[in-house]
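So this block is final_10.cif, mmCIF, C-alpha atoms:
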data_start
#
loop_
_atom_site.group_PDB
_atom_site.id
_atom_site.type_symbol
_atom_site.label_atom_id
_atom_site.label_comp_id
_atom_site.auth_asym_id
_atom_site.auth_seq_id
_atom_site.Cartn_x
_atom_site.Cartn_y
_atom_site.Cartn_z
ATOM 1 C CA MET V 1420 0.000 0.000 0.000
ATOM 2 C CA ALA V 1421 2.611 2.493 -1.170
ATOM 3 C CA SER V 1422 -0.008 5.039 -2.231
ATOM 4 C CA LYS V 1423 -1.306 5.419 1.364
ATOM 5 C CA LYS V 1424 2.217 6.095 2.669
ATOM 6 C CA SER V 1425 2.891 8.720 -0.017
ATOM 7 C CA LEU V 1426 -0.570 10.215 0.648
ATOM 8 C CA ASP V 1427 0.299 10.560 4.361
ATOM 9 C CA GLU V 1428 3.640 12.202 3.511
ATOM 10 C CA ARG V 1429 2.052 14.633 1.065
ATOM 11 C CA ILE V 1430 -0.673 15.557 3.581
ATOM 12 C CA GLU V 1431 1.968 16.207 6.264
ATOM 13 C CA LYS V 1432 3.882 18.439 3.813
ATOM 14 C CA THR V 1433 0.660 20.351 3.042
ATOM 15 C CA LYS V 1434 0.025 20.929 6.766
ATOM 16 C CA GLU V 1435 3.629 22.115 7.270
ATOM 17 C CA ILE V 1436 3.279 24.590 4.380
ATOM 18 C CA LEU V 1437 -0.019 25.817 5.853
ATOM 19 C CA LYS V 1438 1.643 26.369 9.255
ATOM 20 C CA GLU V 1439 4.541 28.255 7.618
ATOM 21 C CA ASN V 1440 2.093 30.464 5.718
ATOM 22 C CA LEU V 1441 0.078 31.125 8.881
ATOM 23 C CA ASP V 1442 3.266 32.164 10.692
ATOM 24 C CA THR V 1443 3.588 35.075 8.275
ATOM 25 C CA VAL V 1444 0.100 36.354 9.235
ATOM 26 C CA ARG V 1445 0.541 39.108 11.797
ATOM 27 C CA ALA V 1446 -1.446 38.329 14.938
ATOM 28 C CA GLY V 1447 -0.715 41.554 16.832
ATOM 29 C CA ARG V 1448 2.318 40.273 18.700
ATOM 30 C CA ALA V 1449 5.936 40.181 17.619
ATOM 31 C CA ASN V 1450 6.878 36.929 15.916
ATOM 32 C CA PRO V 1451 10.201 36.575 14.050
ATOM 33 C CA ALA V 1452 8.403 34.323 11.524
ATOM 34 C CA LEU V 1453 6.726 37.497 10.165
ATOM 35 C CA LEU V 1454 9.988 38.174 8.318
ATOM 36 C CA ASN V 1455 10.470 34.637 6.919
ATOM 37 C CA LYS V 1456 9.461 35.626 3.395
ATOM 38 C CA VAL V 1457 11.631 38.781 3.279
ATOM 39 C CA THR V 1458 14.553 38.546 0.846
ATOM 40 C CA VAL V 1459 17.337 41.108 0.748
ATOM 41 C CA ASP V 1460 19.295 42.111 -2.366
ATOM 42 C CA TYR V 1461 22.697 41.444 -0.791
ATOM 43 C CA TYR V 1462 25.576 42.249 -3.164
ATOM 44 C CA GLY V 1463 23.298 41.511 -6.118
ATOM 45 C CA THR V 1464 22.032 38.191 -4.756
ATOM 46 C CA PRO V 1465 18.505 37.717 -3.353
ATOM 47 C CA THR V 1466 19.195 36.336 0.135
ATOM 48 C CA PRO V 1467 16.685 35.368 2.868
ATOM 49 C CA LEU V 1468 16.740 37.918 5.708
ATOM 50 C CA LYS V 1469 17.269 35.218 8.338
ATOM 51 C CA SER V 1470 20.601 34.364 6.623
ATOM 52 C CA LEU V 1471 21.810 37.953 7.020
ATOM 53 C CA ALA V 1472 20.609 38.913 10.485
ATOM 54 C CA ASN V 1473 19.582 37.711 13.898
ATOM 55 C CA ILE V 1474 15.835 38.302 14.322
ATOM 56 C CA SER V 1475 14.446 38.416 17.850
ATOM 57 C CA ALA V 1476 11.400 39.621 19.764
ATOM 58 C CA PRO V 1477 12.688 41.462 22.874
ATOM 59 C CA ASP V 1478 9.095 42.228 23.905
ATOM 60 C CA PRO V 1479 5.594 41.331 22.608
ATOM 61 C CA ARG V 1480 5.341 44.497 20.474
ATOM 62 C CA THR V 1481 8.861 44.752 18.982
ATOM 63 C CA LEU V 1482 10.985 42.820 16.513
ATOM 64 C CA LEU V 1483 14.721 43.447 16.524
ATOM 65 C CA VAL V 1484 16.774 42.739 13.394
ATOM 66 C CA ALA V 1485 20.523 42.714 14.108
ATOM 67 C CA PRO V 1486 22.494 42.284 10.851
ATOM 68 C CA PHE V 1487 25.679 40.191 10.924
ATOM 69 C CA ASP V 1488 27.217 42.722 8.496
ATOM 70 C CA PRO V 1489 26.613 46.316 9.743
ATOM 71 C CA LYS V 1490 26.952 47.619 6.153
ATOM 72 C CA SER V 1491 23.785 45.729 5.143
ATOM 73 C CA VAL V 1492 21.418 47.653 7.472
ATOM 74 C CA GLY V 1493 20.207 49.927 4.646
ATOM 75 C CA ASP V 1494 19.604 46.991 2.271
ATOM 76 C CA ILE V 1495 17.681 45.108 4.962
ATOM 77 C CA GLU V 1496 15.544 48.159 5.760
ATOM 78 C CA LYS V 1497 14.775 48.588 2.049
ATOM 79 C CA ALA V 1498 13.841 44.880 1.713
ATOM 80 C CA ILE V 1499 11.461 45.075 4.704
ATOM 81 C CA ASN V 1500 9.764 48.114 3.145
ATOM 82 C CA ILE V 1501 9.480 46.329 -0.223
ATOM 83 C CA ALA V 1502 8.070 43.170 1.456
ATOM 84 C CA ASN V 1503 5.000 45.244 2.375
ATOM 85 C CA ILE V 1504 4.323 43.563 5.726
ATOM 86 C CA GLY V 1505 2.590 46.681 7.026
ATOM 87 C CA ILE V 1506 5.305 47.672 9.492
ATOM 88 C CA THR V 1507 7.711 50.570 9.043
ATOM 89 C CA PRO V 1508 11.278 49.735 10.098
ATOM 90 C CA ASN V 1509 13.257 52.088 12.362
ATOM 91 C CA ASN V 1510 16.978 52.046 11.565
ATOM 92 C CA ASP V 1511 19.482 53.337 14.137
ATOM 93 C CA GLY V 1512 22.546 52.472 12.032
ATOM 94 C CA LYS V 1513 23.294 49.219 13.857
ATOM 95 C CA VAL V 1514 19.964 47.435 14.254
ATOM 96 C CA ILE V 1515 16.462 47.725 12.847
ATOM 97 C CA ARG V 1516 13.472 47.851 15.158
ATOM 98 C CA LEU V 1517 9.977 46.988 13.996
ATOM 99 C CA ALA V 1518 7.185 48.216 16.270
ATOM 100 C CA ILE V 1519 4.203 45.906 15.859
ATOM 101 C CA PRO V 1520 1.028 48.010 16.084
ATOM 102 C CA ALA V 1521 -2.006 46.685 17.926
ATOM 103 C CA LEU V 1522 -4.620 45.323 15.541
ATOM 104 C CA THR V 1523 -8.041 46.909 15.201
ATOM 105 C CA GLU V 1524 -11.112 44.673 15.500
ATOM 106 C CA GLU V 1525 -11.812 45.179 11.791
ATOM 107 C CA ARG V 1526 -8.253 44.147 10.843
ATOM 108 C CA ARG V 1527 -8.485 41.076 13.096
ATOM 109 C CA LYS V 1528 -11.647 39.945 11.290
ATOM 110 C CA GLU V 1529 -9.937 40.558 7.946
ATOM 111 C CA LEU V 1530 -6.993 38.389 9.037
ATOM 112 C CA THR V 1531 -9.309 35.547 10.106
ATOM 113 C CA LYS V 1532 -10.814 35.601 6.601
ATOM 114 C CA THR V 1533 -7.284 35.308 5.204
ATOM 115 C CA THR V 1534 -6.480 32.344 7.460
ATOM 116 C CA LYS V 1535 -9.735 30.622 6.518
ATOM 117 C CA LYS V 1536 -8.843 31.074 2.833
ATOM 118 C CA MET V 1537 -5.414 29.514 3.484
ATOM 119 C CA GLY V 1538 -7.137 26.617 5.252
ATOM 120 C CA GLU V 1539 -9.512 26.110 2.332
ATOM 121 C CA GLU V 1540 -6.574 26.029 -0.095
ATOM 122 C CA ALA V 1541 -4.904 23.354 2.053
ATOM 123 C CA LYS V 1542 -8.140 21.322 2.145
ATOM 124 C CA VAL V 1543 -8.483 21.547 -1.645
ATOM 125 C CA ALA V 1544 -4.905 20.277 -1.983
ATOM 126 C CA VAL V 1545 -5.701 17.347 0.347
ATOM 127 C CA ARG V 1546 -8.868 16.520 -1.617
ATOM 128 C CA ASN V 1547 -6.889 16.529 -4.859
ATOM 129 C CA MET V 1548 -4.455 14.089 -3.240
ATOM 130 C CA ARG V 1549 -7.422 11.893 -2.279
ATOM 131 C CA ARG V 1550 -8.630 11.843 -5.881
ATOM 132 C CA GLU V 1551 -5.158 10.850 -7.112
ATOM 133 C CA ALA V 1552 -4.826 8.112 -4.468
ATOM 134 C CA ASN V 1553 -8.306 6.774 -5.321
ATOM 135 C CA ASP V 1554 -7.433 6.739 -9.028
ATOM 136 C CA ASP V 1555 -4.209 4.822 -8.264
ATOM 137 C CA ALA V 1556 -6.131 2.265 -6.189
ATOM 138 C CA LYS V 1557 -8.758 1.815 -8.923
ATOM 139 C CA LYS V 1558 -5.999 1.383 -11.493
ATOM 140 C CA GLN V 1559 -4.399 -1.335 -9.353
ATOM 141 C CA GLU V 1560 -7.736 -3.141 -9.126
ATOM 142 C CA LYS V 1561 -8.319 -2.793 -12.874
ATOM 143 C CA ASN V 1562 -4.856 -4.267 -13.561
ATOM 144 C CA SER V 1563 -5.746 -7.180 -11.222
ATOM 145 C CA GLU V 1564 -2.958 -6.226 -8.789
ATOM 146 C CA ILE V 1565 -5.458 -6.119 -5.909
ATOM 147 C CA SER V 1566 -8.897 -7.646 -5.293
ATOM 148 C CA GLU V 1567 -12.196 -5.786 -5.179
ATOM 149 C CA ASP V 1568 -12.283 -6.195 -1.379
ATOM 150 C CA ASP V 1569 -8.747 -4.736 -1.120
ATOM 151 C CA LEU V 1570 -9.885 -1.814 -3.275
ATOM 152 C CA LYS V 1571 -12.835 -1.098 -0.949
ATOM 153 C CA GLU V 1572 -10.521 -1.261 2.066
ATOM 154 C CA MET V 1573 -7.971 1.038 0.397
ATOM 155 C CA LEU V 1574 -10.633 3.582 -0.579
ATOM 156 C CA SER V 1575 -11.966 3.514 2.985
ATOM 157 C CA ASP V 1576 -8.443 4.010 4.422
ATOM 158 C CA ILE V 1577 -7.785 6.878 2.010
ATOM 159 C CA GLN V 1578 -11.069 8.543 2.993
ATOM 160 C CA ASP V 1579 -10.307 8.122 6.718
ATOM 161 C CA THR V 1580 -6.854 9.671 6.212
ATOM 162 C CA VAL V 1581 -8.331 12.624 4.313
ATOM 163 C CA ASP V 1582 -11.096 13.156 6.906
ATOM 164 C CA LYS V 1583 -8.477 13.189 9.679
ATOM 165 C CA ALA V 1584 -6.289 15.655 7.724
ATOM 166 C CA VAL V 1585 -9.213 18.020 7.048
ATOM 167 C CA LYS V 1586 -10.086 17.945 10.766
ATOM 168 C CA GLU V 1587 -6.451 18.743 11.673
ATOM 169 C CA ILE V 1588 -6.380 21.625 9.164
ATOM 170 C CA ASP V 1589 -9.573 23.012 10.739
ATOM 171 C CA GLU V 1590 -7.926 22.782 14.183
ATOM 172 C CA ILE V 1591 -4.790 24.585 12.949
ATOM 173 C CA ILE V 1592 -6.930 27.398 11.486
ATOM 174 C CA ALA V 1593 -9.085 27.616 14.637
ATOM 175 C CA ALA V 1594 -5.965 27.960 16.807
ATOM 176 C CA LYS V 1595 -4.559 30.727 14.567
ATOM 177 C CA ASP V 1596 -7.942 32.555 14.530
ATOM 178 C CA LYS V 1597 -8.076 32.363 18.342
ATOM 179 C CA GLU V 1598 -4.558 33.873 18.478
ATOM 180 C CA ILE V 1599 -5.574 36.657 16.063
ATOM 181 C CA LEU V 1600 -8.801 37.529 17.882
ATOM 182 C CA GLU V 1601 -7.085 37.545 21.301
ATOM 183 C CA VAL V 1602 -6.735 41.147 22.465
#

What would you get if you wrote out this structure as structure tokens?
Amino acid sequence: MASKKSLDERIEKTKEILKENLDTVRAGRANPALLNKVTVDYYGTPTPLKSLANISAPDPRTLLVAPFDPKSVGDIEKAINIANIGITPNNDGKVIRLAIPALTEERRKELTKTTKKMGEEAKVAVRNMRREANDDAKKQEKNSEISEDDLKEMLSDIQDTVDKAVKEIDEIIAAKDKEILEV
């Protein structure tokens, strides 16, 4: 039952990607993951910010970006502005501070819609994987590699796996929405 194992692996990968994407959604408190998608043009090469600087959250409302190379402060500040994360960087020549503003109720609701959309995209991906796994199982039965009873069992296992994954995705989204709506 190689298709079930690959289905499980692909579902896990989808959930990991969803969690990474949710980390970039600003929930009103400082989280270094907000800057994960920021790339800096460093000596002509697009480089991830976390490769060029130490990113920390000294308090719940501030992110501190301390570049390893002090000459790159300007490039990093420019990259953060270009990334359009909704936070203006403050550069003191050595480090960059990002003050995370408190979210308005309206903005919180907007963010929960965004997280729900991300969750739906993950569920669609999982359902597509289910269709592919079902097609593989039906092909195996058609080629007489497995019996009709084995096919029914495989389809049932695939469905159980997908149902469990969809439930887990819903839980991940619910936890992120709770974090966003927390004042």

List every residue of stretch 1516-1550 of chain V that has an atom at most 7 Å from any atom of stretch 1434-1454 of chain V, giving for each one its closest atom pair and the distance in Å to one decimal, counting all atoms listed in the file, sorted by chain and then by ascending residue number, as CSV.
residue,atom,partner,partner_atom,distance
V:Ile1519,CA,V:Ala1449,CA,6.2
V:Pro1520,CA,V:Gly1447,CA,6.7
V:Ala1521,CA,V:Gly1447,CA,5.4
V:Leu1522,CA,V:Gly1447,CA,5.6
V:Thr1534,CA,V:Leu1441,CA,6.8
V:Met1537,CA,V:Leu1437,CA,7.0
V:Ala1541,CA,V:Leu1437,CA,6.7

| query | Distance atom CA of V:Asn1553-atom CA of V:Leu1574, one decimal place? | reply |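 That distance, rounded to one decimal, is 6.2 Å.
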
| Hits of the PyMOL selection byres ((chain V and resi 1543) around 12) in this structure, as number ranges by chain | V: 1430, 1433-1434, 1536-1542, 1544-1550, 1581, 1584-1585, 1588

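Counting from atom CA of V:Lys1557, the distance to atom CA of V:Leu1570 is 6.8 Å.
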
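Against this structure, the PyMOL selection byres ((chain V and resi 1471) around 7) ends up with V:Leu1468, V:Lys1469, V:Ser1470, V:Ala1472, V:Pro1486, V:Phe1487.
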
| query | Using all atoms listed in the file, which residue out of V:Glu1431, V:Asp1589, V:Asp1478, V:Asp1494 lies closest to V:Tyr1461? | reply | V:Asp1494

| field | d(atom CA of V:Ile1501, atom CA of V:Ala1518) in Å | value |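 Atom-to-atom, atom CA of V:Ile1501 and atom CA of V:Ala1518 are spaced 16.8 Å apart.
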
Box in all listed atoms of stretch 1551-1563 of chain V, axis-aligned, with 4 Å more on each side; write out centre and edge lengths in Å to one decimal as lines of an AutoDock Vina configuration file.
center_x = -6.5
center_y = 1.8
center_z = -9.0
size_x = 12.5
size_y = 26.0
size_z = 17.1

| task | Could you tell me which residues the PyMOL selection byres ((chain V and resi 1524-1532) around 6) grabs in this file, written as a list of chain:residue names? | result |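 Given this file, the PyMOL selection byres ((chain V and resi 1524-1532) around 6) evaluates to V:Thr1523, V:Thr1533, V:Thr1534, V:Lys1535, V:Asp1596, V:Leu1600.
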
| request: Determine, counting only C-alpha atoms, which protein, DNA and RNA residues have an atom within 6 Å of an atom of V:Leu1517; residues of the same chain fewer than 4 positions away are not included. Present the result as a list in words. | output: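 Listed by chain and then number, they are Thr1481, Leu1482 and Pro1508 of chain V.
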
Please output stretch 1508-1530 of chain V, rebuilt to include N, CA and C atoms, as a PDB file, in the frame of the given file.
ATOM      1  N   PRO V1508      10.070  49.991   9.301  1.00  0.00           N
ATOM      2  CA  PRO V1508      11.278  49.735  10.098  1.00  0.00           C
ATOM      3  C   PRO V1508      11.923  51.023  10.591  1.00  0.00           C
ATOM      4  N   ASN V1509      12.485  50.975  11.807  1.00  0.00           N
ATOM      5  CA  ASN V1509      13.257  52.088  12.362  1.00  0.00           C
ATOM      6  C   ASN V1509      14.712  51.660  12.412  1.00  0.00           C
ATOM      7  N   ASN V1510      15.570  52.407  11.697  1.00  0.00           N
ATOM      8  CA  ASN V1510      16.978  52.046  11.565  1.00  0.00           C
ATOM      9  C   ASN V1510      17.811  53.001  12.415  1.00  0.00           C
ATOM     10  N   ASP V1511      18.615  52.461  13.347  1.00  0.00           N
ATOM     11  CA  ASP V1511      19.482  53.337  14.137  1.00  0.00           C
ATOM     12  C   ASP V1511      20.950  53.223  13.706  1.00  0.00           C
ATOM     13  N   GLY V1512      21.181  52.606  12.547  1.00  0.00           N
ATOM     14  CA  GLY V1512      22.546  52.472  12.032  1.00  0.00           C
ATOM     15  C   GLY V1512      23.180  51.127  12.360  1.00  0.00           C
ATOM     16  N   LYS V1513      22.735  50.521  13.461  1.00  0.00           N
ATOM     17  CA  LYS V1513      23.294  49.219  13.857  1.00  0.00           C
ATOM     18  C   LYS V1513      22.247  48.116  13.781  1.00  0.00           C
ATOM     19  N   VAL V1514      21.060  48.410  14.263  1.00  0.00           N
ATOM     20  CA  VAL V1514      19.964  47.435  14.254  1.00  0.00           C
ATOM     21  C   VAL V1514      18.704  48.087  13.686  1.00  0.00           C
ATOM     22  N   ILE V1515      17.753  47.237  13.342  1.00  0.00           N
ATOM     23  CA  ILE V1515      16.462  47.725  12.847  1.00  0.00           C
ATOM     24  C   ILE V1515      15.398  47.247  13.823  1.00  0.00           C
ATOM     25  N   ARG V1516      14.571  48.188  14.256  1.00  0.00           N
ATOM     26  CA  ARG V1516      13.472  47.851  15.158  1.00  0.00           C
ATOM     27  C   ARG V1516      12.169  47.956  14.375  1.00  0.00           C
ATOM     28  N   LEU V1517      11.306  46.976  14.614  1.00  0.00           N
ATOM     29  CA  LEU V1517       9.977  46.988  13.996  1.00  0.00           C
ATOM     30  C   LEU V1517       8.949  47.007  15.125  1.00  0.00           C
ATOM     31  N   ALA V1518       8.225  48.112  15.242  1.00  0.00           N
ATOM     32  CA  ALA V1518       7.185  48.216  16.270  1.00  0.00           C
ATOM     33  C   ALA V1518       5.904  47.626  15.694  1.00  0.00           C
ATOM     34  N   ILE V1519       5.410  46.583  16.335  1.00  0.00           N
ATOM     35  CA  ILE V1519       4.203  45.906  15.859  1.00  0.00           C
ATOM     36  C   ILE V1519       2.997  46.648  16.437  1.00  0.00           C
ATOM     37  N   PRO V1520       2.195  47.279  15.572  1.00  0.00           N
ATOM     38  CA  PRO V1520       1.028  48.010  16.084  1.00  0.00           C
ATOM     39  C   PRO V1520      -0.063  47.042  16.534  1.00  0.00           C
ATOM     40  N   ALA V1521      -0.864  47.487  17.487  1.00  0.00           N
ATOM     41  CA  ALA V1521      -2.006  46.685  17.926  1.00  0.00           C
ATOM     42  C   ALA V1521      -3.006  46.617  16.770  1.00  0.00           C
ATOM     43  N   LEU V1522      -3.667  45.487  16.637  1.00  0.00           N
ATOM     44  CA  LEU V1522      -4.620  45.323  15.541  1.00  0.00           C
ATOM     45  C   LEU V1522      -5.994  45.847  15.930  1.00  0.00           C
ATOM     46  N   THR V1523      -6.668  46.475  14.967  1.00  0.00           N
ATOM     47  CA  THR V1523      -8.041  46.909  15.201  1.00  0.00           C
ATOM     48  C   THR V1523      -8.948  45.689  15.055  1.00  0.00           C
ATOM     49  N   GLU V1524     -10.156  45.778  15.589  1.00  0.00           N
ATOM     50  CA  GLU V1524     -11.112  44.673  15.500  1.00  0.00           C
ATOM     51  C   GLU V1524     -11.403  44.330  14.032  1.00  0.00           C
ATOM     52  N   GLU V1525     -11.535  45.374  13.214  1.00  0.00           N
ATOM     53  CA  GLU V1525     -11.812  45.179  11.791  1.00  0.00           C
ATOM     54  C   GLU V1525     -10.667  44.417  11.109  1.00  0.00           C
ATOM     55  N   ARG V1526      -9.432  44.800  11.428  1.00  0.00           N
ATOM     56  CA  ARG V1526      -8.253  44.147  10.843  1.00  0.00           C
ATOM     57  C   ARG V1526      -8.148  42.696  11.318  1.00  0.00           C
ATOM     58  N   ARG V1527      -8.500  42.448  12.571  1.00  0.00           N
ATOM     59  CA  ARG V1527      -8.485  41.076  13.096  1.00  0.00           C
ATOM     60  C   ARG V1527      -9.453  40.192  12.304  1.00  0.00           C
ATOM     61  N   LYS V1528     -10.649  40.722  12.050  1.00  0.00           N
ATOM     62  CA  LYS V1528     -11.647  39.945  11.290  1.00  0.00           C
ATOM     63  C   LYS V1528     -11.165  39.693   9.865  1.00  0.00           C
ATOM     64  N   GLU V1529     -10.509  40.699   9.285  1.00  0.00           N
ATOM     65  CA  GLU V1529      -9.937  40.558   7.946  1.00  0.00           C
ATOM     66  C   GLU V1529      -8.890  39.426   7.924  1.00  0.00           C
ATOM     67  N   LEU V1530      -8.036  39.412   8.958  1.00  0.00           N
ATOM     68  CA  LEU V1530      -6.993  38.389   9.037  1.00  0.00           C
ATOM     69  C   LEU V1530      -7.583  36.993   9.203  1.00  0.00           C
TER      70      LEU V1530
END
